[in-house]
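Source file: model.txt (compact mmCIF, N, CA and C atoms)
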# COMPACT_ATOMS: atom_id res chain seq x y z
N ALA A 1 111.94 104.97 91.56
CA ALA A 1 111.72 104.00 90.50
C ALA A 1 110.23 103.76 90.29
N ILE A 2 109.47 103.68 91.39
CA ILE A 2 108.04 103.37 91.24
C ILE A 2 107.29 104.49 90.51
N ASP A 3 107.71 105.73 90.70
CA ASP A 3 107.06 106.84 89.99
C ASP A 3 107.20 106.68 88.49
N GLY A 4 108.35 106.24 88.04
CA GLY A 4 108.57 106.00 86.61
C GLY A 4 107.68 104.89 86.09
N TRP A 5 107.53 103.83 86.88
CA TRP A 5 106.65 102.73 86.46
C TRP A 5 105.20 103.19 86.39
N LEU A 6 104.79 104.01 87.36
CA LEU A 6 103.42 104.52 87.34
C LEU A 6 103.18 105.39 86.11
N ARG A 7 104.14 106.26 85.80
CA ARG A 7 104.01 107.11 84.60
C ARG A 7 103.95 106.26 83.33
N ASP A 8 104.83 105.25 83.25
CA ASP A 8 104.81 104.37 82.09
C ASP A 8 103.46 103.67 81.95
N GLY A 9 102.92 103.21 83.08
CA GLY A 9 101.62 102.54 83.05
C GLY A 9 100.50 103.47 82.61
N LEU A 10 100.55 104.73 83.07
CA LEU A 10 99.54 105.71 82.67
C LEU A 10 99.62 105.99 81.18
N GLU A 11 100.84 106.12 80.67
CA GLU A 11 101.01 106.35 79.23
C GLU A 11 100.46 105.18 78.44
N GLN A 12 100.79 103.97 78.87
CA GLN A 12 100.34 102.78 78.15
C GLN A 12 98.82 102.66 78.19
N ALA A 13 98.21 103.01 79.32
CA ALA A 13 96.76 102.89 79.48
C ALA A 13 96.01 104.11 78.97
N ILE A 14 96.74 105.12 78.52
CA ILE A 14 96.16 106.39 78.09
C ILE A 14 95.24 106.91 79.20
N ASP A 15 95.81 107.06 80.39
CA ASP A 15 95.07 107.49 81.56
C ASP A 15 95.82 108.63 82.23
N THR A 16 95.14 109.36 83.09
CA THR A 16 95.77 110.50 83.77
C THR A 16 95.65 110.43 85.28
N VAL A 17 94.97 109.42 85.80
CA VAL A 17 94.76 109.31 87.23
C VAL A 17 95.85 108.41 87.83
N VAL A 18 96.74 109.00 88.60
CA VAL A 18 97.84 108.25 89.21
C VAL A 18 97.31 107.50 90.44
N PRO A 19 97.48 106.17 90.49
CA PRO A 19 97.02 105.44 91.66
C PRO A 19 97.92 105.72 92.85
N GLU A 20 97.36 105.62 94.04
CA GLU A 20 98.16 105.76 95.26
C GLU A 20 98.78 104.40 95.56
N VAL A 21 100.08 104.39 95.78
CA VAL A 21 100.80 103.16 96.09
C VAL A 21 101.50 103.35 97.42
N ALA A 22 101.30 102.41 98.35
CA ALA A 22 101.94 102.48 99.66
C ALA A 22 102.87 101.29 99.83
N LEU A 23 104.14 101.56 100.07
CA LEU A 23 105.12 100.51 100.34
C LEU A 23 105.60 100.68 101.78
N ARG A 24 105.44 99.66 102.57
CA ARG A 24 105.84 99.72 103.98
C ARG A 24 106.65 98.48 104.33
N SER A 25 107.61 98.62 105.22
CA SER A 25 108.45 97.48 105.60
C SER A 25 107.85 96.66 106.73
N ARG A 26 106.95 97.23 107.52
CA ARG A 26 106.34 96.51 108.64
C ARG A 26 104.83 96.47 108.45
N LEU A 27 104.30 95.28 108.31
CA LEU A 27 102.89 95.12 107.95
C LEU A 27 101.93 95.46 109.09
N LYS A 28 102.16 94.94 110.28
CA LYS A 28 101.19 95.12 111.36
C LYS A 28 100.95 96.60 111.68
N PRO A 29 102.00 97.43 111.88
CA PRO A 29 101.72 98.85 112.14
C PRO A 29 101.01 99.53 110.97
N PHE A 30 101.33 99.12 109.76
CA PHE A 30 100.66 99.70 108.59
C PHE A 30 99.18 99.36 108.60
N VAL A 31 98.86 98.07 108.76
CA VAL A 31 97.45 97.64 108.71
C VAL A 31 96.65 98.24 109.86
N GLU A 32 97.24 98.30 111.03
CA GLU A 32 96.50 98.79 112.20
C GLU A 32 96.43 100.32 112.27
N ASP A 33 97.50 101.00 111.85
CA ASP A 33 97.57 102.45 112.06
C ASP A 33 97.28 103.30 110.82
N GLU A 34 97.67 102.84 109.64
CA GLU A 34 97.53 103.65 108.43
C GLU A 34 96.41 103.20 107.50
N LEU A 35 96.25 101.89 107.38
CA LEU A 35 95.30 101.35 106.40
C LEU A 35 93.86 101.79 106.63
N PRO A 36 93.37 101.90 107.87
CA PRO A 36 91.98 102.33 108.04
C PRO A 36 91.68 103.67 107.36
N ALA A 37 92.60 104.62 107.43
CA ALA A 37 92.38 105.91 106.78
C ALA A 37 92.49 105.80 105.26
N ILE A 38 93.43 104.98 104.79
CA ILE A 38 93.62 104.81 103.34
C ILE A 38 92.40 104.12 102.72
N ALA A 39 91.88 103.10 103.41
CA ALA A 39 90.80 102.29 102.84
C ALA A 39 89.40 102.75 103.25
N ALA A 40 89.31 103.86 103.96
CA ALA A 40 87.99 104.36 104.39
C ALA A 40 87.09 104.58 103.18
N ASN A 41 85.86 104.14 103.28
CA ASN A 41 84.85 104.32 102.22
C ASN A 41 85.23 103.63 100.92
N THR A 42 86.02 102.56 101.00
CA THR A 42 86.35 101.77 99.82
C THR A 42 86.08 100.30 100.13
N ARG A 43 86.07 99.51 99.09
CA ARG A 43 85.98 98.05 99.25
C ARG A 43 87.41 97.52 99.37
N GLY A 44 87.74 96.91 100.49
CA GLY A 44 89.07 96.36 100.70
C GLY A 44 89.15 94.94 100.19
N VAL A 45 90.09 94.68 99.30
CA VAL A 45 90.26 93.35 98.72
C VAL A 45 91.71 92.92 98.90
N ILE A 46 91.91 91.73 99.43
CA ILE A 46 93.24 91.16 99.54
C ILE A 46 93.32 89.99 98.58
N ALA A 47 94.26 90.05 97.66
CA ALA A 47 94.45 88.98 96.68
C ALA A 47 95.22 87.85 97.35
N HIS A 48 94.62 86.66 97.34
CA HIS A 48 95.27 85.51 97.98
C HIS A 48 94.92 84.25 97.20
N PRO A 49 95.93 83.47 96.80
CA PRO A 49 95.65 82.31 95.94
C PRO A 49 94.76 81.24 96.58
N ALA A 50 94.73 81.16 97.91
CA ALA A 50 93.92 80.13 98.57
C ALA A 50 92.52 80.61 98.96
N ALA A 51 92.17 81.83 98.60
CA ALA A 51 90.84 82.36 98.96
C ALA A 51 89.75 81.56 98.27
N ALA A 52 88.64 81.37 98.97
CA ALA A 52 87.52 80.60 98.41
C ALA A 52 86.72 81.43 97.42
N ALA A 53 86.60 82.72 97.65
CA ALA A 53 85.76 83.58 96.80
C ALA A 53 86.53 84.07 95.58
N GLN A 54 85.82 84.13 94.46
CA GLN A 54 86.38 84.74 93.26
C GLN A 54 86.17 86.24 93.34
N LEU A 55 86.98 86.99 92.66
CA LEU A 55 86.90 88.44 92.68
C LEU A 55 85.65 88.91 91.93
N ALA A 56 84.85 89.74 92.57
CA ALA A 56 83.63 90.28 91.96
C ALA A 56 83.92 91.67 91.39
N PRO A 57 83.28 92.03 90.27
CA PRO A 57 83.48 93.37 89.70
C PRO A 57 83.11 94.46 90.69
N ALA A 58 83.77 95.60 90.58
CA ALA A 58 83.58 96.70 91.52
C ALA A 58 82.54 97.70 91.06
N GLY A 59 82.22 97.73 89.78
CA GLY A 59 81.34 98.77 89.27
C GLY A 59 82.01 100.11 89.43
N SER A 60 81.32 101.08 90.02
CA SER A 60 81.92 102.40 90.22
C SER A 60 82.47 102.56 91.64
N GLU A 61 82.42 101.49 92.40
CA GLU A 61 82.87 101.50 93.80
C GLU A 61 84.40 101.63 93.88
N PRO A 62 84.91 102.54 94.73
CA PRO A 62 86.36 102.62 94.91
C PRO A 62 86.89 101.38 95.63
N VAL A 63 88.08 100.93 95.26
CA VAL A 63 88.64 99.70 95.79
C VAL A 63 90.05 99.96 96.30
N THR A 64 90.37 99.35 97.44
CA THR A 64 91.74 99.33 97.94
C THR A 64 92.23 97.89 97.83
N LEU A 65 93.31 97.68 97.07
CA LEU A 65 93.85 96.35 96.84
C LEU A 65 95.07 96.09 97.71
N ALA A 66 95.16 94.89 98.24
CA ALA A 66 96.35 94.44 98.95
C ALA A 66 96.91 93.25 98.19
N ILE A 67 98.12 93.41 97.69
CA ILE A 67 98.77 92.35 96.92
C ILE A 67 100.06 92.00 97.65
N GLY A 68 100.22 90.73 97.96
CA GLY A 68 101.37 90.31 98.75
C GLY A 68 102.37 89.51 97.96
N PRO A 69 103.12 88.68 98.66
CA PRO A 69 104.14 87.87 98.02
C PRO A 69 103.51 86.80 97.13
N GLU A 70 104.32 86.26 96.23
CA GLU A 70 103.81 85.30 95.25
C GLU A 70 103.17 84.08 95.89
N GLY A 71 103.63 83.66 97.04
CA GLY A 71 103.05 82.50 97.71
C GLY A 71 101.81 82.82 98.51
N GLY A 72 101.44 84.09 98.54
CA GLY A 72 100.27 84.51 99.31
C GLY A 72 100.65 84.99 100.69
N PHE A 73 99.70 85.56 101.37
CA PHE A 73 99.90 86.06 102.72
C PHE A 73 99.85 84.89 103.71
N SER A 74 100.49 85.05 104.86
CA SER A 74 100.41 84.04 105.93
C SER A 74 99.04 84.14 106.60
N ASP A 75 98.69 83.12 107.37
CA ASP A 75 97.41 83.15 108.10
C ASP A 75 97.34 84.37 109.02
N TYR A 76 98.45 84.68 109.68
CA TYR A 76 98.50 85.85 110.56
C TYR A 76 98.23 87.13 109.78
N GLU A 77 98.86 87.27 108.63
CA GLU A 77 98.66 88.47 107.80
C GLU A 77 97.22 88.56 107.30
N LEU A 78 96.64 87.43 106.92
CA LEU A 78 95.24 87.42 106.48
C LEU A 78 94.31 87.87 107.60
N ARG A 79 94.60 87.43 108.83
CA ARG A 79 93.78 87.86 109.97
C ARG A 79 93.90 89.37 110.20
N LEU A 80 95.10 89.92 110.02
CA LEU A 80 95.28 91.37 110.15
C LEU A 80 94.38 92.12 109.17
N PHE A 81 94.41 91.70 107.90
CA PHE A 81 93.59 92.36 106.89
C PHE A 81 92.11 92.13 107.13
N ASP A 82 91.75 90.93 107.58
CA ASP A 82 90.35 90.65 107.90
C ASP A 82 89.87 91.59 109.00
N GLY A 83 90.70 91.82 109.99
CA GLY A 83 90.37 92.75 111.06
C GLY A 83 90.21 94.18 110.58
N ALA A 84 90.84 94.49 109.45
CA ALA A 84 90.72 95.83 108.86
C ALA A 84 89.56 95.91 107.88
N GLY A 85 88.75 94.82 107.78
CA GLY A 85 87.57 94.84 106.92
C GLY A 85 87.81 94.41 105.49
N PHE A 86 88.98 93.85 105.19
CA PHE A 86 89.27 93.38 103.84
C PHE A 86 88.70 91.99 103.64
N THR A 87 88.30 91.68 102.42
CA THR A 87 87.86 90.33 102.08
C THR A 87 88.88 89.72 101.13
N SER A 88 89.10 88.42 101.28
CA SER A 88 90.05 87.71 100.43
C SER A 88 89.37 87.31 99.13
N ALA A 89 90.11 87.41 98.05
CA ALA A 89 89.58 87.01 96.75
C ALA A 89 90.68 86.29 95.97
N SER A 90 90.27 85.27 95.25
CA SER A 90 91.19 84.48 94.45
C SER A 90 91.14 84.94 92.99
N LEU A 91 92.28 84.82 92.34
CA LEU A 91 92.35 85.09 90.90
C LEU A 91 92.45 83.78 90.12
N GLY A 92 92.18 82.68 90.79
CA GLY A 92 92.27 81.38 90.14
C GLY A 92 93.32 80.51 90.81
N SER A 93 93.53 79.34 90.27
CA SER A 93 94.41 78.36 90.91
C SER A 93 95.89 78.62 90.69
N ARG A 94 96.23 79.44 89.72
CA ARG A 94 97.65 79.70 89.43
C ARG A 94 98.18 80.81 90.32
N VAL A 95 99.40 80.64 90.78
CA VAL A 95 100.07 81.67 91.55
C VAL A 95 100.66 82.67 90.56
N LEU A 96 100.33 83.94 90.75
CA LEU A 96 100.77 84.98 89.83
C LEU A 96 101.83 85.86 90.48
N ARG A 97 102.77 86.31 89.67
CA ARG A 97 103.74 87.30 90.14
C ARG A 97 102.99 88.62 90.32
N VAL A 98 103.53 89.49 91.16
CA VAL A 98 102.87 90.76 91.47
C VAL A 98 102.61 91.56 90.20
N GLU A 99 103.59 91.61 89.30
CA GLU A 99 103.42 92.40 88.09
C GLU A 99 102.36 91.83 87.15
N THR A 100 102.01 90.56 87.33
CA THR A 100 100.91 89.96 86.57
C THR A 100 99.60 90.08 87.34
N ALA A 101 99.66 89.91 88.64
CA ALA A 101 98.44 89.95 89.46
C ALA A 101 97.74 91.30 89.39
N LEU A 102 98.49 92.38 89.39
CA LEU A 102 97.87 93.71 89.41
C LEU A 102 96.99 93.95 88.18
N PRO A 103 97.48 93.77 86.94
CA PRO A 103 96.58 93.99 85.81
C PRO A 103 95.41 93.00 85.76
N VAL A 104 95.62 91.77 86.24
CA VAL A 104 94.52 90.80 86.29
C VAL A 104 93.46 91.29 87.28
N LEU A 105 93.89 91.78 88.43
CA LEU A 105 92.94 92.32 89.41
C LEU A 105 92.15 93.48 88.83
N VAL A 106 92.82 94.42 88.23
CA VAL A 106 92.15 95.60 87.67
C VAL A 106 91.18 95.20 86.57
N ALA A 107 91.59 94.29 85.69
CA ALA A 107 90.71 93.85 84.60
C ALA A 107 89.47 93.15 85.13
N ASN A 108 89.61 92.40 86.22
CA ASN A 108 88.46 91.71 86.81
C ASN A 108 87.57 92.64 87.61
N LEU A 109 88.16 93.62 88.27
CA LEU A 109 87.37 94.57 89.06
C LEU A 109 86.59 95.53 88.18
N PHE A 110 87.19 95.93 87.07
CA PHE A 110 86.58 96.94 86.20
C PHE A 110 86.47 96.40 84.77
N PRO A 111 85.57 95.42 84.54
CA PRO A 111 85.48 94.77 83.23
C PRO A 111 85.11 95.72 82.09
N ALA A 112 84.51 96.86 82.37
CA ALA A 112 84.16 97.80 81.30
C ALA A 112 85.40 98.39 80.66
N CYS A 113 86.53 98.30 81.35
CA CYS A 113 87.78 98.85 80.82
C CYS A 113 88.41 97.93 79.79
N ARG A 114 87.91 96.72 79.65
CA ARG A 114 88.53 95.75 78.73
C ARG A 114 88.38 96.18 77.31

Written form, structure tokens:
Amino acid sequence: AIDGWLRDGLEQAIDTVVPEVALRSRLKPFVEDELPAIAANTRGVIAHPAAAAQLAPAGSEPVTLAIGPEGGFSDYELRLFDGAGFTSASLGSRVLRVETALPVLVANLFPACR
């Protein structure tokens, strides 16, 4: 199903670069064992509604995004990502659904695409 959504998104955006999407059922093994290789040489950003910092544009820098449940990540989960070198960023005071948060994140990271 996700492949179809990615294709639909590429068609809508008139783009040809398919993003890498990782879905895992267990967070800790993923963050500790797989994420370091996935996020190597990128800016790691975890979207969290309670984060103090606002999201800064990425420029040409590659970015690895972590988007969690609508209520945000737990303190334990935030510590896991912090240990992996990710920084928390807020998209504002409103809690966004995942399907809304992703385009908001991309638009804020890459404002030249607007």

Per-residue DSSP, chain A, filtered to strand (DSSP E or B), as a PyMOL selection string: chain A and resi 43-47+54+63-67+87-90

Distance query 7 Å from (95.9, 98.9, 100.7) using only N, CA and C atoms, result as an NGL selection string: :A and (22 or 35 or 38-39 or 64-67)

Two-atom distance - atom C of A:Gly9, atom C of A:Ser90 (Å):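 Between atom C of A:Gly9 and atom C of A:Ser90 the gap is 23.2 Å.
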
Surrounding residues of A:Phe86 excluding itself and chain neighbours under 4 positions, 6 Å, all atoms listed in the file, as a list of chain:residue names: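 With the cut-off at 6 Å, the set is A:Gly44, A:Val45, A:Ile46, A:Phe81, A:Asp82.
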
A:Val31 environment, 8 Å, only N, CA and C atoms, sequence neighbours closer than 6 positions dropped, as number ranges by chain: A: 37, 80-81, 83-84

Residue among A:Glu77, A:Val21, A:Gly72, A:Leu55 lying closest to A:Leu91, counting only C-alpha atoms: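 Distance minimum relative to A:Leu91 lands on A:Leu55.
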
Atom pair atom CA of A:Arg97 / atom N of A:Asn41: separation (Å):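 Spanning atom CA of A:Arg97 to atom N of A:Asn41 is a straight-line distance of 27.9 Å.
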
Spatial sel., origin (100.4, 89.7, 91.4), limit 12 Å, only C-alpha atoms, listed as a PyMOL selection string: chain A and resi 46-49+65-73+90-92+94-106

Interatomic distance (Å, one decimal) between atom CA of A:Leu6 and atom CA of A:Glu20: 9.6 Å

All residues 6 Å or closer to A:Ala58, all atoms listed in the file, same chain fewer than 6 positions away omitted, as a list in words: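 Non-adjacent residues within range: Asn108, Leu109 and Phe110 of chain A.
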
Would you save the residues from that selection as an mmCIF file, in the coordinates of the input, using N, CA and C atoms?
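File written: result-v9.cif
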data_model
loop_
_atom_site.group_PDB
_atom_site.id
_atom_site.type_symbol
_atom_site.label_atom_id
_atom_site.label_comp_id
_atom_site.auth_asym_id
_atom_site.auth_seq_id
_atom_site.Cartn_x
_atom_site.Cartn_y
_atom_site.Cartn_z
ATOM 1 N N ASN A 108 89.610 92.400 86.220
ATOM 2 C CA ASN A 108 88.460 91.710 86.810
ATOM 3 C C ASN A 108 87.570 92.640 87.610
ATOM 4 N N LEU A 109 88.160 93.620 88.270
ATOM 5 C CA LEU A 109 87.370 94.570 89.060
ATOM 6 C C LEU A 109 86.590 95.530 88.180
ATOM 7 N N PHE A 110 87.190 95.930 87.070
ATOM 8 C CA PHE A 110 86.580 96.940 86.200
ATOM 9 C C PHE A 110 86.470 96.400 84.770
#

Helix (DSSP H, G or I) positions in chain A, given as a ChimeraX atom specification: /A:2-13,27-38,75-83,98-109,111-113
